[in-house]
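Pasted below: upload.pdb, PDB, C-alpha atoms, pLDDT in the B column.
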ATOM      1  CA  MET A   1       0.000   0.000   0.000  1.00 47.00           C
ATOM      2  CA  THR A   2       2.147   2.904   1.239  1.00 66.00           C
ATOM      3  CA  ARG A   3       5.061   1.034   2.770  1.00 73.00           C
ATOM      4  CA  GLY A   4       7.594   3.303   1.067  1.00 95.00           C
ATOM      5  CA  THR A   5       6.150   6.445   2.639  1.00 97.00           C
ATOM      6  CA  ALA A   6       5.842   4.761   6.038  1.00 97.00           C
ATOM      7  CA  ALA A   7       9.485   3.694   5.802  1.00 97.00           C
ATOM      8  CA  GLU A   8      10.509   7.234   4.829  1.00 97.00           C
ATOM      9  CA  ALA A   9       8.644   8.731   7.805  1.00 98.00           C
ATOM     10  CA  LEU A  10      10.243   6.270  10.213  1.00 98.00           C
ATOM     11  CA  ARG A  11      13.685   6.882   8.688  1.00 97.00           C
ATOM     12  CA  LEU A  12      13.307  10.644   9.160  1.00 97.00           C
ATOM     13  CA  LEU A  13      12.169  10.150  12.747  1.00 97.00           C
ATOM     14  CA  ASP A  14      15.085   7.811  13.450  1.00 97.00           C
ATOM     15  CA  GLU A  15      17.612  10.263  11.986  1.00 95.00           C
ATOM     16  CA  ARG A  16      16.316  12.959  14.328  1.00 94.00           C
ATOM     17  CA  GLY A  17      15.913  10.722  17.377  1.00 95.00           C
ATOM     18  CA  GLY A  18      12.158  11.348  17.294  1.00 97.00           C
ATOM     19  CA  THR A  19       9.182   9.184  18.173  1.00 98.00           C
ATOM     20  CA  LEU A  20       5.662   8.832  16.772  1.00 98.00           C
ATOM     21  CA  ALA A  21       2.232   7.872  18.105  1.00 98.00           C
ATOM     22  CA  VAL A  22      -0.965   7.676  16.076  1.00 98.00           C
ATOM     23  CA  ALA A  23      -4.678   8.148  16.778  1.00 98.00           C
ATOM     24  CA  GLU A  24      -7.042   6.502  14.355  1.00 98.00           C
ATOM     25  CA  SER A  25     -10.759   6.596  13.813  1.00 98.00           C
ATOM     26  CA  LEU A  26     -11.966   5.701  10.311  1.00 97.00           C
ATOM     27  CA  THR A  27      -8.720   3.864   9.498  1.00 98.00           C
ATOM     28  CA  GLY A  28      -9.254   1.507  12.434  1.00 97.00           C
ATOM     29  CA  GLY A  29      -5.612   0.506  12.893  1.00 98.00           C
ATOM     30  CA  LEU A  30      -4.501   0.520   9.248  1.00 98.00           C
ATOM     31  CA  LEU A  31      -2.030   3.347   9.870  1.00 98.00           C
ATOM     32  CA  ALA A  32      -0.429   1.556  12.811  1.00 98.00           C
ATOM     33  CA  ALA A  33      -0.293  -1.661  10.758  1.00 98.00           C
ATOM     34  CA  GLU A  34       1.400   0.156   7.887  1.00 97.00           C
ATOM     35  CA  LEU A  35       4.004   1.655  10.191  1.00 98.00           C
ATOM     36  CA  THR A  36       4.705  -1.554  12.103  1.00 98.00           C
ATOM     37  CA  GLY A  37       5.068  -3.422   8.827  1.00 97.00           C
ATOM     38  CA  VAL A  38       8.363  -1.585   8.333  1.00 97.00           C
ATOM     39  CA  PRO A  39      11.359  -3.464   9.783  1.00 97.00           C
ATOM     40  CA  GLY A  40      12.854  -1.529  12.698  1.00 97.00           C
ATOM     41  CA  ALA A  41       9.671   0.465  13.365  1.00 98.00           C
ATOM     42  CA  SER A  42      10.061  -0.139  17.095  1.00 97.00           C
ATOM     43  CA  ARG A  43      12.960   2.340  17.185  1.00 97.00           C
ATOM     44  CA  THR A  44      10.574   5.245  16.616  1.00 98.00           C
ATOM     45  CA  PHE A  45       6.941   4.078  16.759  1.00 98.00           C
ATOM     46  CA  ARG A  46       5.552   4.295  20.325  1.00 98.00           C
ATOM     47  CA  GLY A  47       2.025   2.999  19.712  1.00 98.00           C
ATOM     48  CA  SER A  48      -1.489   3.865  18.734  1.00 98.00           C
ATOM     49  CA  VAL A  49      -5.004   4.512  19.955  1.00 98.00           C
ATOM     50  CA  THR A  50      -7.918   3.416  17.798  1.00 98.00           C
ATOM     51  CA  ALA A  51     -10.662   5.692  19.101  1.00 97.00           C
ATOM     52  CA  TYR A  52     -13.443   4.557  16.797  1.00 96.00           C
ATOM     53  CA  ALA A  53     -16.232   5.605  19.174  1.00 96.00           C
ATOM     54  CA  THR A  54     -16.672   9.362  19.473  1.00 96.00           C
ATOM     55  CA  ALA A  55     -16.672   9.251  23.281  1.00 96.00           C
ATOM     56  CA  LEU A  56     -13.202   7.680  23.269  1.00 97.00           C
ATOM     57  CA  LYS A  57     -11.799  10.636  21.381  1.00 98.00           C
ATOM     58  CA  GLN A  58     -12.625  12.728  24.434  1.00 98.00           C
ATOM     59  CA  GLU A  59     -11.879  10.126  27.121  1.00 97.00           C
ATOM     60  CA  LEU A  60      -8.580   8.784  25.771  1.00 97.00           C
ATOM     61  CA  LEU A  61      -7.229  11.604  23.615  1.00 98.00           C
ATOM     62  CA  GLY A  62      -8.537  14.695  25.374  1.00 98.00           C
ATOM     63  CA  VAL A  63     -10.554  16.045  22.450  1.00 98.00           C
ATOM     64  CA  ASP A  64     -12.799  18.870  23.663  1.00 98.00           C
ATOM     65  CA  GLY A  65     -16.219  17.435  24.540  1.00 98.00           C
ATOM     66  CA  ALA A  66     -18.047  20.621  23.579  1.00 98.00           C
ATOM     67  CA  LEU A  67     -16.386  20.520  20.161  1.00 98.00           C
ATOM     68  CA  LEU A  68     -17.476  16.906  19.655  1.00 98.00           C
ATOM     69  CA  ALA A  69     -21.027  17.734  20.733  1.00 97.00           C
ATOM     70  CA  GLU A  70     -21.208  20.749  18.432  1.00 97.00           C
ATOM     71  CA  ARG A  71     -19.317  19.532  15.338  1.00 96.00           C
ATOM     72  CA  GLY A  72     -19.171  15.753  15.635  1.00 96.00           C
ATOM     73  CA  ALA A  73     -16.072  13.641  15.166  1.00 97.00           C
ATOM     74  CA  VAL A  74     -15.549  14.494  11.486  1.00 98.00           C
ATOM     75  CA  ASP A  75     -13.907  17.882  11.817  1.00 98.00           C
ATOM     76  CA  ALA A  76     -10.519  19.506  11.228  1.00 98.00           C
ATOM     77  CA  ARG A  77     -10.139  20.662  14.823  1.00 98.00           C
ATOM     78  CA  VAL A  78     -11.033  17.192  16.108  1.00 98.00           C
ATOM     79  CA  ALA A  79      -8.283  15.702  13.921  1.00 98.00           C
ATOM     80  CA  ARG A  80      -5.800  18.238  15.264  1.00 98.00           C
ATOM     81  CA  GLU A  81      -6.775  17.573  18.881  1.00 98.00           C
ATOM     82  CA  MET A  82      -6.535  13.815  18.270  1.00 98.00           C
ATOM     83  CA  ALA A  83      -2.966  14.202  16.957  1.00 98.00           C
ATOM     84  CA  GLU A  84      -1.987  16.470  19.832  1.00 98.00           C
ATOM     85  CA  GLY A  85      -3.695  14.226  22.373  1.00 98.00           C
ATOM     86  CA  VAL A  86      -2.062  10.982  21.252  1.00 98.00           C
ATOM     87  CA  ARG A  87       1.313  12.705  21.173  1.00 98.00           C
ATOM     88  CA  ARG A  88       0.894  13.762  24.806  1.00 97.00           C
ATOM     89  CA  ARG A  89      -0.799  10.590  26.001  1.00 97.00           C
ATOM     90  CA  LEU A  90       1.790   8.206  24.539  1.00 98.00           C
ATOM     91  CA  GLY A  91       4.788  10.459  25.223  1.00 98.00           C
ATOM     92  CA  ALA A  92       5.843  10.863  21.595  1.00 98.00           C
ATOM     93  CA  ASP A  93       7.528  13.751  19.798  1.00 98.00           C
ATOM     94  CA  TRP A  94       5.052  13.525  16.918  1.00 98.00           C
ATOM     95  CA  GLY A  95       1.401  12.541  16.678  1.00 98.00           C
ATOM     96  CA  ALA A  96      -0.662  11.701  13.616  1.00 98.00           C
ATOM     97  CA  ALA A  97      -4.428  11.264  13.383  1.00 98.00           C
ATOM     98  CA  THR A  98      -7.210  10.244  11.024  1.00 98.00           C
ATOM     99  CA  THR A  99     -10.934  10.946  11.292  1.00 98.00           C
ATOM    100  CA  GLY A 100     -13.646  10.899   8.659  1.00 98.00           C
ATOM    101  CA  VAL A 101     -16.424   9.021   6.912  1.00 98.00           C
ATOM    102  CA  ALA A 102     -15.526   5.834   5.033  1.00 97.00           C
ATOM    103  CA  GLY A 103     -19.171   4.921   4.379  1.00 95.00           C
ATOM    104  CA  PRO A 104     -21.469   3.495   3.427  1.00 94.00           C
ATOM    105  CA  ASP A 105     -23.566   6.228   5.104  1.00 95.00           C
ATOM    106  CA  PRO A 106     -22.905   9.906   5.918  1.00 95.00           C
ATOM    107  CA  GLN A 107     -21.899  10.723   9.513  1.00 93.00           C
ATOM    108  CA  ASP A 108     -22.174  13.882  11.613  1.00 90.00           C
ATOM    109  CA  GLY A 109     -23.711  15.675   8.621  1.00 92.00           C
ATOM    110  CA  GLN A 110     -20.656  14.917   6.487  1.00 96.00           C
ATOM    111  CA  PRO A 111     -20.790  12.980   3.212  1.00 97.00           C
ATOM    112  CA  VAL A 112     -18.940   9.737   2.605  1.00 98.00           C
ATOM    113  CA  GLY A 113     -15.326  10.468   1.679  1.00 98.00           C
ATOM    114  CA  THR A 114     -14.926  13.476   3.980  1.00 98.00           C
ATOM    115  CA  VAL A 115     -11.642  12.925   5.819  1.00 98.00           C
ATOM    116  CA  PHE A 116      -9.343  14.997   7.995  1.00 98.00           C
ATOM    117  CA  VAL A 117      -5.768  13.944   8.675  1.00 98.00           C
ATOM    118  CA  ALA A 118      -3.501  15.747  11.113  1.00 98.00           C
ATOM    119  CA  VAL A 119       0.080  15.792  12.310  1.00 98.00           C
ATOM    120  CA  ALA A 120       1.235  17.442  15.533  1.00 98.00           C
ATOM    121  CA  GLY A 121       4.888  17.914  16.396  1.00 97.00           C
ATOM    122  CA  PRO A 122       7.120  19.394  19.025  1.00 94.00           C
ATOM    123  CA  GLY A 123       6.629  23.011  20.010  1.00 85.00           C
ATOM    124  CA  GLY A 124       2.947  23.115  19.086  1.00 85.00           C
ATOM    125  CA  VAL A 125       3.505  22.575  15.358  1.00 84.00           C
ATOM    126  CA  ALA A 126       0.284  21.112  13.945  1.00 92.00           C
ATOM    127  CA  GLU A 127      -1.071  20.731  10.439  1.00 97.00           C
ATOM    128  CA  VAL A 128      -4.431  19.421   9.201  1.00 98.00           C
ATOM    129  CA  THR A 129      -5.410  18.390   5.690  1.00 98.00           C
ATOM    130  CA  ALA A 130      -9.053  18.144   4.591  1.00 98.00           C
ATOM    131  CA  LEU A 131      -9.842  15.565   1.930  1.00 98.00           C
ATOM    132  CA  LEU A 132     -12.883  14.598  -0.105  1.00 98.00           C
ATOM    133  CA  LEU A 133     -12.118  11.084  -1.285  1.00 98.00           C
ATOM    134  CA  THR A 134     -13.990   8.827  -3.669  1.00 97.00           C
ATOM    135  CA  GLY A 135     -14.305   5.092  -3.926  1.00 97.00           C
ATOM    136  CA  ASP A 136     -15.545   2.353  -1.670  1.00 97.00           C
ATOM    137  CA  ARG A 137     -14.900   2.034   2.040  1.00 97.00           C
ATOM    138  CA  THR A 138     -11.589   0.219   1.547  1.00 97.00           C
ATOM    139  CA  ALA A 139     -10.307   2.766  -0.972  1.00 98.00           C
ATOM    140  CA  ILE A 140     -11.213   5.703   1.292  1.00 98.00           C
ATOM    141  CA  ARG A 141      -9.480   4.142   4.290  1.00 98.00           C
ATOM    142  CA  ARG A 142      -6.319   3.333   2.301  1.00 98.00           C
ATOM    143  CA  ALA A 143      -6.206   6.810   0.757  1.00 98.00           C
ATOM    144  CA  SER A 144      -6.533   8.282   4.261  1.00 98.00           C
ATOM    145  CA  VAL A 145      -3.489   6.319   5.438  1.00 98.00           C
ATOM    146  CA  ALA A 146      -1.511   7.465   2.396  1.00 98.00           C
ATOM    147  CA  ALA A 147      -2.539  11.092   2.994  1.00 98.00           C
ATOM    148  CA  VAL A 148      -1.542  11.170   6.665  1.00 98.00           C
ATOM    149  CA  LEU A 149       1.806   9.514   5.892  1.00 98.00           C
ATOM    150  CA  ASP A 150       2.454  12.099   3.149  1.00 98.00           C
ATOM    151  CA  LEU A 151       1.588  14.893   5.593  1.00 98.00           C
ATOM    152  CA  LEU A 152       3.878  13.396   8.236  1.00 98.00           C
ATOM    153  CA  VAL A 153       6.833  13.176   5.822  1.00 97.00           C
ATOM    154  CA  GLU A 154       6.167  16.765   4.709  1.00 96.00           C
ATOM    155  CA  GLN A 155       6.059  18.063   8.289  1.00 96.00           C
ATOM    156  CA  LEU A 156       9.183  16.130   9.272  1.00 96.00           C
ATOM    157  CA  GLY A 157      10.951  17.687   6.308  1.00 92.00           C
ATOM    158  CA  LYS A 158       9.865  21.188   7.326  1.00 91.00           C
ATOM    159  CA  ALA A 159      10.962  20.597  10.902  1.00 89.00           C
ATOM    160  CA  ALA A 160      14.456  19.756   9.678  1.00 81.00           C
ATOM    161  CA  GLU A 161      14.824  23.033   7.754  1.00 76.00           C
TER     162      GLU A 161
END
Go through the file and emit its structure as structure tokens.
Amino acid sequence: MTRGTAAEALRLLDERGGTLAVAESLTGGLLAAELTGVPGASRTFRGSVTAYATALKQELLGVDGALLAERGAVDARVAREMAEGVRRRLGADWGAATTGVAGPDPQDGQPVGTVFVAVAGPGGVAEVTALLLTGDRTAIRRASVAAVLDLLVEQLGKAAE
């Protein structure tokens, strides 16, 4: 799938002595599986939280409950807070997160294919990308993993500048 990008992200983290934790919703563990499929991932990958239920985003990751009540789980700020929360909770330098609607039905007033991916780094650096993906449930979930890995590599590159 995206093993090359996962390997590149882990290589960049390893070069900088950094660590990564991930928070997943719609991807349900696919991101963690992609990362741990890379030999040597344990040098930099701390772990993951699959907060599929909305309440767990608040309870485990510290996402603002009022935000979840008002906007639902499919939101740019929720993605950002998930990335920041997993970074803090798992004691990592970097956090990455996925939230969205893989289908078959809309969720939180958002159409199928609406996805937000986020990366949070040291010093409060955080970036969110909004996506509107097409395809079936599997395609949307895989594209979400690819997008968050691309964002992570991009942010790691910027941090090195």
Worksheet item: Expanded to explicit residues, what is the PyMOL selection byres ((chain A and resi 50) around 12) for this file, as a PyMOL selection string?
Response: chain A and resi 21-33+47-49+51-57+60-61+82-83+86+96-99
Worksheet item: For Ala92 in chain A, which residue out of A:Val78, A:Ala159, A:Ala73, A:Val119 is the nearest one, using only C-alpha atoms?
Response: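 Nearest to Ala92 in chain A: A:Val119.
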Item to complete: Find, counting all atoms listed in the file, the residue in A:Glu161, A:Glu84, A:Asp64, A:Glu34 that gets nearest to Ala146 in chain A.
Response: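 For Ala146 in chain A, the nearest of the given residues is A:Glu34.
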Worksheet entry | Proximity to Gly17 in chain A - best of A:Glu154, A:Val128, A:Trp94, A:Val74, all atoms listed in the file |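 Of all the options, A:Trp94 lies closest to Gly17 in chain A.
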Item to complete: For the structure shown, which residues end up in the PyMOL selection byres ((chain A and resi 44) around 12)? Put them as a ChimeraX atom specification, please?
Response: /A:6-22,35-36,38-43,45-47,91-95
Write to file, as a tab-separated table (two decimals), keeping the file's coordinate frame, the residues of the selection just made, with C-alpha atoms.
chain	number	residue	atom	x	y	z
A	6	ALA	CA	5.84	4.76	6.04
A	7	ALA	CA	9.48	3.69	5.80
A	8	GLU	CA	10.51	7.23	4.83
A	9	ALA	CA	8.64	8.73	7.80
A	10	LEU	CA	10.24	6.27	10.21
A	11	ARG	CA	13.68	6.88	8.69
A	12	LEU	CA	13.31	10.64	9.16
A	13	LEU	CA	12.17	10.15	12.75
A	14	ASP	CA	15.08	7.81	13.45
A	15	GLU	CA	17.61	10.26	11.99
A	16	ARG	CA	16.32	12.96	14.33
A	17	GLY	CA	15.91	10.72	17.38
A	18	GLY	CA	12.16	11.35	17.29
A	19	THR	CA	9.18	9.18	18.17
A	20	LEU	CA	5.66	8.83	16.77
A	21	ALA	CA	2.23	7.87	18.10
A	22	VAL	CA	-0.96	7.68	16.08
A	35	LEU	CA	4.00	1.66	10.19
A	36	THR	CA	4.70	-1.55	12.10
A	38	VAL	CA	8.36	-1.58	8.33
A	39	PRO	CA	11.36	-3.46	9.78
A	40	GLY	CA	12.85	-1.53	12.70
A	41	ALA	CA	9.67	0.46	13.36
A	42	SER	CA	10.06	-0.14	17.10
A	43	ARG	CA	12.96	2.34	17.18
A	45	PHE	CA	6.94	4.08	16.76
A	46	ARG	CA	5.55	4.30	20.32
A	47	GLY	CA	2.02	3.00	19.71
A	91	GLY	CA	4.79	10.46	25.22
A	92	ALA	CA	5.84	10.86	21.60
A	93	ASP	CA	7.53	13.75	19.80
A	94	TRP	CA	5.05	13.52	16.92
A	95	GLY	CA	1.40	12.54	16.68
